[in-house]
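Next comes upload-v3.cif, a file with mmCIF, C-alpha atoms.
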data_coords
#
loop_
_atom_site.group_PDB
_atom_site.id
_atom_site.type_symbol
_atom_site.label_atom_id
_atom_site.label_comp_id
_atom_site.auth_asym_id
_atom_site.auth_seq_id
_atom_site.Cartn_x
_atom_site.Cartn_y
_atom_site.Cartn_z
ATOM 1 C CA MET A 1 0.000 0.000 0.000
ATOM 2 C CA VAL A 2 1.210 3.475 -0.889
ATOM 3 C CA PHE A 3 0.540 4.948 2.563
ATOM 4 C CA GLU A 4 1.739 2.107 4.794
ATOM 5 C CA GLY A 5 5.069 3.814 5.567
ATOM 6 C CA ASN A 6 3.388 7.175 6.086
ATOM 7 C CA ASN A 7 0.885 5.683 8.540
ATOM 8 C CA LYS A 8 3.657 3.922 10.472
ATOM 9 C CA ILE A 9 5.567 7.186 10.911
ATOM 10 C CA ARG A 10 2.394 9.030 11.945
ATOM 11 C CA ARG A 11 1.748 6.414 14.664
ATOM 12 C CA LYS A 12 5.317 6.906 15.944
ATOM 13 C CA ILE A 13 4.763 10.659 16.066
ATOM 14 C CA TYR A 14 1.621 10.159 18.152
ATOM 15 C CA GLN A 15 3.465 7.741 20.467
ATOM 16 C CA THR A 16 6.228 10.302 20.946
ATOM 17 C CA ILE A 17 3.840 12.966 22.249
ATOM 18 C CA ASP A 18 1.741 10.520 24.265
ATOM 19 C CA GLY A 19 1.569 11.654 27.880
ATOM 20 C CA MET A 20 2.406 15.304 27.226
ATOM 21 C CA THR A 21 0.113 17.985 28.542
ATOM 22 C CA ASP A 22 -1.063 20.739 26.225
ATOM 23 C CA VAL A 23 1.205 23.179 28.091
ATOM 24 C CA GLU A 24 4.262 20.961 27.550
ATOM 25 C CA PHE A 25 3.238 20.414 23.934
ATOM 26 C CA ASN A 26 3.260 24.184 23.297
ATOM 27 C CA ARG A 27 6.517 24.902 25.145
ATOM 28 C CA THR A 28 9.563 25.901 23.097
ATOM 29 C CA PRO A 29 13.027 24.756 24.156
ATOM 30 C CA SER A 30 15.168 27.380 25.857
ATOM 31 C CA THR A 31 17.810 26.659 23.196
ATOM 32 C CA GLY A 32 15.392 27.864 20.523
ATOM 33 C CA GLY A 33 13.586 26.102 17.744
ATOM 34 C CA TRP A 34 10.027 24.965 17.379
ATOM 35 C CA SER A 35 7.788 23.577 20.081
ATOM 36 C CA PRO A 36 6.361 20.068 19.634
ATOM 37 C CA LYS A 37 3.091 21.786 18.640
ATOM 38 C CA GLN A 38 4.828 23.812 15.952
ATOM 39 C CA ILE A 39 6.579 20.741 14.542
ATOM 40 C CA LEU A 40 3.304 18.852 14.193
ATOM 41 C CA GLU A 41 1.441 21.913 12.943
ATOM 42 C CA HIS A 42 4.122 22.300 10.273
ATOM 43 C CA LEU A 43 3.645 18.660 9.236
ATOM 44 C CA ALA A 44 -0.109 19.141 8.830
ATOM 45 C CA LEU A 45 0.451 22.327 6.841
ATOM 46 C CA MET A 46 3.105 20.676 4.660
ATOM 47 C CA GLU A 47 0.909 17.661 3.924
ATOM 48 C CA THR A 48 -1.965 19.973 2.965
ATOM 49 C CA TYR A 49 0.389 22.061 0.814
ATOM 50 C CA ILE A 50 1.712 18.986 -1.005
ATOM 51 C CA ALA A 51 -1.802 17.608 -1.545
ATOM 52 C CA SER A 52 -2.871 20.997 -2.961
ATOM 53 C CA LYS A 53 0.136 21.122 -5.280
ATOM 54 C CA ILE A 54 -0.534 17.577 -6.533
ATOM 55 C CA SER A 55 -4.201 18.418 -7.075
ATOM 56 C CA GLY A 56 -3.280 21.566 -8.983
ATOM 57 C CA GLU A 57 -0.770 19.796 -11.206
ATOM 58 C CA LEU A 58 -3.263 17.042 -11.998
ATOM 59 C CA LYS A 59 -5.494 19.776 -13.473
ATOM 60 C CA ASN A 60 -2.604 21.530 -15.229
ATOM 61 C CA PRO A 61 -2.421 20.470 -18.900
ATOM 62 C CA ASN A 62 1.108 21.903 -19.105
ATOM 63 C CA SER A 63 2.509 19.982 -16.131
ATOM 64 C CA ARG A 64 5.838 18.508 -17.163
ATOM 65 C CA LYS A 65 6.907 14.910 -17.030
ATOM 66 C CA ALA A 66 9.896 14.279 -14.793
ATOM 67 C CA SER A 67 12.162 11.324 -14.200
ATOM 68 C CA LYS A 68 11.955 9.543 -10.867
ATOM 69 C CA LYS A 69 14.335 10.845 -8.220
ATOM 70 C CA ILE A 70 16.092 9.234 -5.301
ATOM 71 C CA ILE A 71 13.831 10.730 -2.657
ATOM 72 C CA VAL A 72 15.377 9.248 0.496
ATOM 73 C CA LEU A 73 16.945 12.585 1.448
ATOM 74 C CA SER A 74 13.952 14.653 0.358
ATOM 75 C CA GLY A 75 12.930 15.362 3.925
ATOM 76 C CA SER A 76 16.379 15.736 5.414
ATOM 77 C CA LEU A 77 16.773 18.569 7.856
ATOM 78 C CA LEU A 78 20.436 18.654 6.858
ATOM 79 C CA VAL A 79 19.527 19.777 3.354
ATOM 80 C CA LYS A 80 17.468 22.870 3.975
ATOM 81 C CA GLY A 81 15.275 24.452 1.385
ATOM 82 C CA LYS A 82 13.153 27.522 1.797
ATOM 83 C CA LEU A 83 9.842 26.581 3.399
ATOM 84 C CA PRO A 84 6.722 27.709 1.599
ATOM 85 C CA LEU A 85 5.012 30.443 3.597
ATOM 86 C CA GLN A 86 1.860 28.304 3.857
ATOM 87 C CA THR A 87 3.794 25.697 5.862
ATOM 88 C CA GLN A 88 5.167 27.986 8.565
ATOM 89 C CA PRO A 89 3.798 27.056 11.999
ATOM 90 C CA THR A 90 2.176 29.696 14.178
ATOM 91 C CA ASP A 91 2.797 30.789 17.751
ATOM 92 C CA THR A 92 -0.885 30.195 18.496
ATOM 93 C CA TYR A 93 -1.519 27.910 21.463
ATOM 94 C CA LYS A 94 -3.249 24.715 20.348
ATOM 95 C CA SER A 95 -4.150 21.543 22.166
ATOM 96 C CA ILE A 96 -2.798 18.148 21.204
ATOM 97 C CA ALA A 97 -6.340 17.182 20.180
ATOM 98 C CA GLU A 98 -6.546 20.193 17.829
ATOM 99 C CA ILE A 99 -3.242 19.337 16.158
ATOM 100 C CA LYS A 100 -4.208 15.664 15.840
ATOM 101 C CA GLU A 101 -7.394 16.787 14.097
ATOM 102 C CA GLU A 102 -5.356 18.990 11.734
ATOM 103 C CA LEU A 103 -3.058 16.039 10.987
ATOM 104 C CA HIS A 104 -6.054 13.780 10.426
ATOM 105 C CA ASN A 105 -7.631 16.297 8.043
ATOM 106 C CA SER A 106 -4.408 16.780 6.088
ATOM 107 C CA ARG A 107 -4.028 13.002 5.712
ATOM 108 C CA ILE A 108 -7.641 12.619 4.546
ATOM 109 C CA TYR A 109 -7.034 15.360 1.986
ATOM 110 C CA LEU A 110 -3.890 13.639 0.693
ATOM 111 C CA LEU A 111 -5.709 10.289 0.524
ATOM 112 C CA ASP A 112 -8.621 11.896 -1.323
ATOM 113 C CA VAL A 113 -6.236 13.417 -3.875
ATOM 114 C CA TYR A 114 -4.576 10.031 -4.384
ATOM 115 C CA ASP A 115 -7.828 8.077 -4.580
ATOM 116 C CA GLY A 116 -9.373 10.566 -7.002
ATOM 117 C CA SER A 117 -6.414 10.709 -9.361
ATOM 118 C CA CYS A 118 -5.579 8.888 -12.530
ATOM 119 C CA LYS A 119 -2.450 6.871 -11.693
ATOM 120 C CA GLU A 120 -1.064 7.508 -15.183
ATOM 121 C CA HIS A 121 -1.289 11.269 -14.568
ATOM 122 C CA LEU A 122 0.588 10.811 -11.298
ATOM 123 C CA ARG A 123 3.449 9.321 -13.346
ATOM 124 C CA GLU A 124 3.234 11.848 -16.187
ATOM 125 C CA LYS A 125 3.043 15.115 -14.205
ATOM 126 C CA SER A 126 5.299 16.738 -11.637
ATOM 127 C CA PHE A 127 6.090 19.710 -9.462
ATOM 128 C CA LYS A 128 9.317 21.100 -8.136
ATOM 129 C CA HIS A 129 10.989 20.037 -4.910
ATOM 130 C CA PRO A 130 13.237 22.800 -3.481
ATOM 131 C CA ASN A 131 16.320 20.559 -3.497
ATOM 132 C CA LEU A 132 15.640 17.794 -6.021
ATOM 133 C CA GLY A 133 13.963 19.658 -8.854
ATOM 134 C CA LEU A 134 10.927 18.267 -10.635
ATOM 135 C CA ILE A 135 9.545 15.142 -8.979
ATOM 136 C CA PRO A 136 6.776 13.012 -10.508
ATOM 137 C CA LEU A 137 3.525 13.439 -8.601
ATOM 138 C CA GLU A 138 3.475 9.746 -7.687
ATOM 139 C CA GLN A 139 6.670 10.222 -5.650
ATOM 140 C CA TRP A 140 5.228 13.031 -3.529
ATOM 141 C CA PHE A 141 3.080 10.600 -1.517
ATOM 142 C CA PRO A 142 6.076 8.753 -0.012
ATOM 143 C CA VAL A 143 7.931 12.071 0.294
ATOM 144 C CA VAL A 144 5.320 13.078 2.890
ATOM 145 C CA GLY A 145 6.230 10.058 5.015
ATOM 146 C CA LEU A 146 9.968 10.619 4.616
ATOM 147 C CA TYR A 147 9.501 14.251 5.596
ATOM 148 C CA GLU A 148 7.539 13.264 8.687
ATOM 149 C CA LYS A 149 10.200 10.686 9.590
ATOM 150 C CA CYS A 150 12.805 13.420 9.525
ATOM 151 C CA HIS A 151 10.669 15.677 11.698
ATOM 152 C CA LEU A 152 10.051 12.782 14.092
ATOM 153 C CA LYS A 153 13.769 12.952 14.874
ATOM 154 C CA GLN A 154 13.446 16.711 15.415
ATOM 155 C CA LEU A 155 10.421 16.125 17.663
ATOM 156 C CA LYS A 156 12.304 13.601 19.809
ATOM 157 C CA LYS A 157 15.270 15.975 20.094
ATOM 158 C CA THR A 158 12.969 18.839 21.098
ATOM 159 C CA ILE A 159 11.277 16.715 23.762
ATOM 160 C CA ASP A 160 14.703 15.654 25.072
ATOM 161 C CA GLU A 161 15.745 19.316 25.278
ATOM 162 C CA LEU A 162 12.578 20.148 27.179
ATOM 163 C CA ARG A 163 13.273 17.273 29.600
ATOM 164 C CA ILE A 164 16.841 18.458 30.193
ATOM 165 C CA ASN A 165 15.431 21.833 31.181
ATOM 166 C CA GLY A 166 13.275 20.273 33.873
ATOM 167 C CA TYR A 167 10.101 19.458 31.992
ATOM 168 C CA SER A 168 9.227 15.793 32.114
ATOM 169 C CA TRP A 169 6.323 13.449 31.550
ATOM 170 C CA GLU A 170 6.340 9.731 32.038
ATOM 171 C CA ALA A 171 4.963 8.554 28.691
ATOM 172 C CA ALA A 172 7.673 10.343 26.728
ATOM 173 C CA GLU A 173 10.259 7.962 28.135
#

Just give me the structure of the file as structure tokens.
Amino acid sequence: MVFEGNNKIRRKIYQTIDGMTDVEFNRTPSTGGWSPKQILEHLALMETYIASKISGELKNPNSRKASKKIIVLSGSLLVKGKLPLQTQPTDTYKSIAEIKEELHNSRIYLLDVYDGSCKEHLREKSFKHPNLGLIPLEQWFPVVGLYEKCHLKQLKKTIDELRINGYSWEAAE
């Protein structure tokens, strides 16, 4: 199944935040960076952005064909590209339940785009990745999972930093 890897990573993300309070979830590390809430909000925004881009390119008669890319590093935090403005997380306080709903909605949107698309068009059309150039639309679905896997590492590091600074919760162990 196309989304098996994506769903596995999403479950790990949920397990990582299990046991956090909403206050802890919204706290930013004293060393800087995003809060756990901002990381997950960014993932929901990015998934929605990618689904929208795929949907738009499916309707674009001038969308170009692209060769498949090695996408393993597509979500690497080591290779930074400029984030689309629509994917920037906010400073707005949100509960874990609110963010989980946003993640659920972004996943449903991505699934709807996939289910409603012609698989041939997914192979024949593309849009640009900031580091890899044009990627066939069919490769963007696993890119979402790879991107989330990368941010799972960031999430774990952020939670560790929060723990070091005296914030702890049992389930995060």

Practice task
To one decimal in Å, tell me the separation between atom CA of Phe3 of chain A and atom CA of Glu41 of chain A.
Solution key: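 Taking atom CA of Phe3 of chain A and atom CA of Glu41 of chain A, their separation equals 19.9 Å.
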
Report as JSON lines: every residue of segment 14-91 of chain A with an atom at most 7 Å from segment 130-142 of chain A, its closest pair of atoms, and their distance in Å to one decimal, counting only C-alpha atoms, with rows sorted by chain and ascending residue number.
{"residue": "A:Ile54", "atom": "CA", "partner": "A:Leu137", "partner_atom": "CA", "distance": 6.2}
{"residue": "A:Lys65", "atom": "CA", "partner": "A:Pro136", "partner_atom": "CA", "distance": 6.8}
{"residue": "A:Ala66", "atom": "CA", "partner": "A:Pro136", "partner_atom": "CA", "distance": 5.4}
{"residue": "A:Ser67", "atom": "CA", "partner": "A:Pro136", "partner_atom": "CA", "distance": 6.7}
{"residue": "A:Lys68", "atom": "CA", "partner": "A:Pro136", "partner_atom": "CA", "distance": 6.2}
{"residue": "A:Lys69", "atom": "CA", "partner": "A:Ile135", "partner_atom": "CA", "distance": 6.5}
{"residue": "A:Gly81", "atom": "CA", "partner": "A:Pro130", "partner_atom": "CA", "distance": 5.5}

Exercise for the section: Please identify all polymer residues lying at most 12 Å from the point (-5.4, 20.3, -12.5) (file coordinates), using all atoms listed in the file, and present the result as JSON, numbers by chain. Expected result: {"A": [51, 52, 53, 54, 55, 56, 57, 58, 59, 60, 61, 62, 63, 113, 116, 117, 118, 121, 122, 125, 126, 127, 137]}

Problem - Minimum-distance residue to Ile13 of chain A, chosen among A:Arg27, A:Lys100, A:Arg163, A:Arg123 (using all atoms listed in the file) - result: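 Selected residue with least distance to Ile13 of chain A: A:Lys100.
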
Practice task
Between atom CA of His42 of chain A and atom CA of Gln88 of chain A, measure the distance and give it in Å to one decimal.
Solution key: 6.0 Å

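In terms of minimum interatomic distance to Ala97 of chain A, A:Ile17 ranks closest within A:Val2, A:Ile17, A:Ile39, A:Leu111, counting all atoms listed in the file.
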
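Rounded to one decimal, atom CA of Lys157 of chain A and atom CA of Leu43 of chain A lie 16.1 Å from each other.
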
Handout entry: Contacts of Thr87 of chain A within 10 Å, all atoms listed in the file, excl. fewer than 5 positions in-chain, as a VMD selection string
Key = chain A and resid 41 to 50

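Considering only C-alpha atoms, the residue among A:Thr158, A:Lys94, A:Ile9, A:Lys82 positioned nearest to Asp22 of chain A is A:Lys94.
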
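Among the candidate residues A:Val144, A:Ile99, A:Ile159, A:Ile71, the one lying nearest to Met20 of chain A is A:Ile159, with distances computed using all atoms listed in the file.
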
Problem - Of the listed residues A:Lys37, A:Lys119, A:Arg64, A:Arg10, that which approaches Ser106 of chain A most closely, counting only C-alpha atoms - result: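 Of all the options, A:Arg10 lies closest to Ser106 of chain A.
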
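Closest approach to Leu40 of chain A from the set A:Leu103, A:Leu110, A:Leu146, A:Leu162 is made by A:Leu103, with distances taken over all atoms listed in the file.
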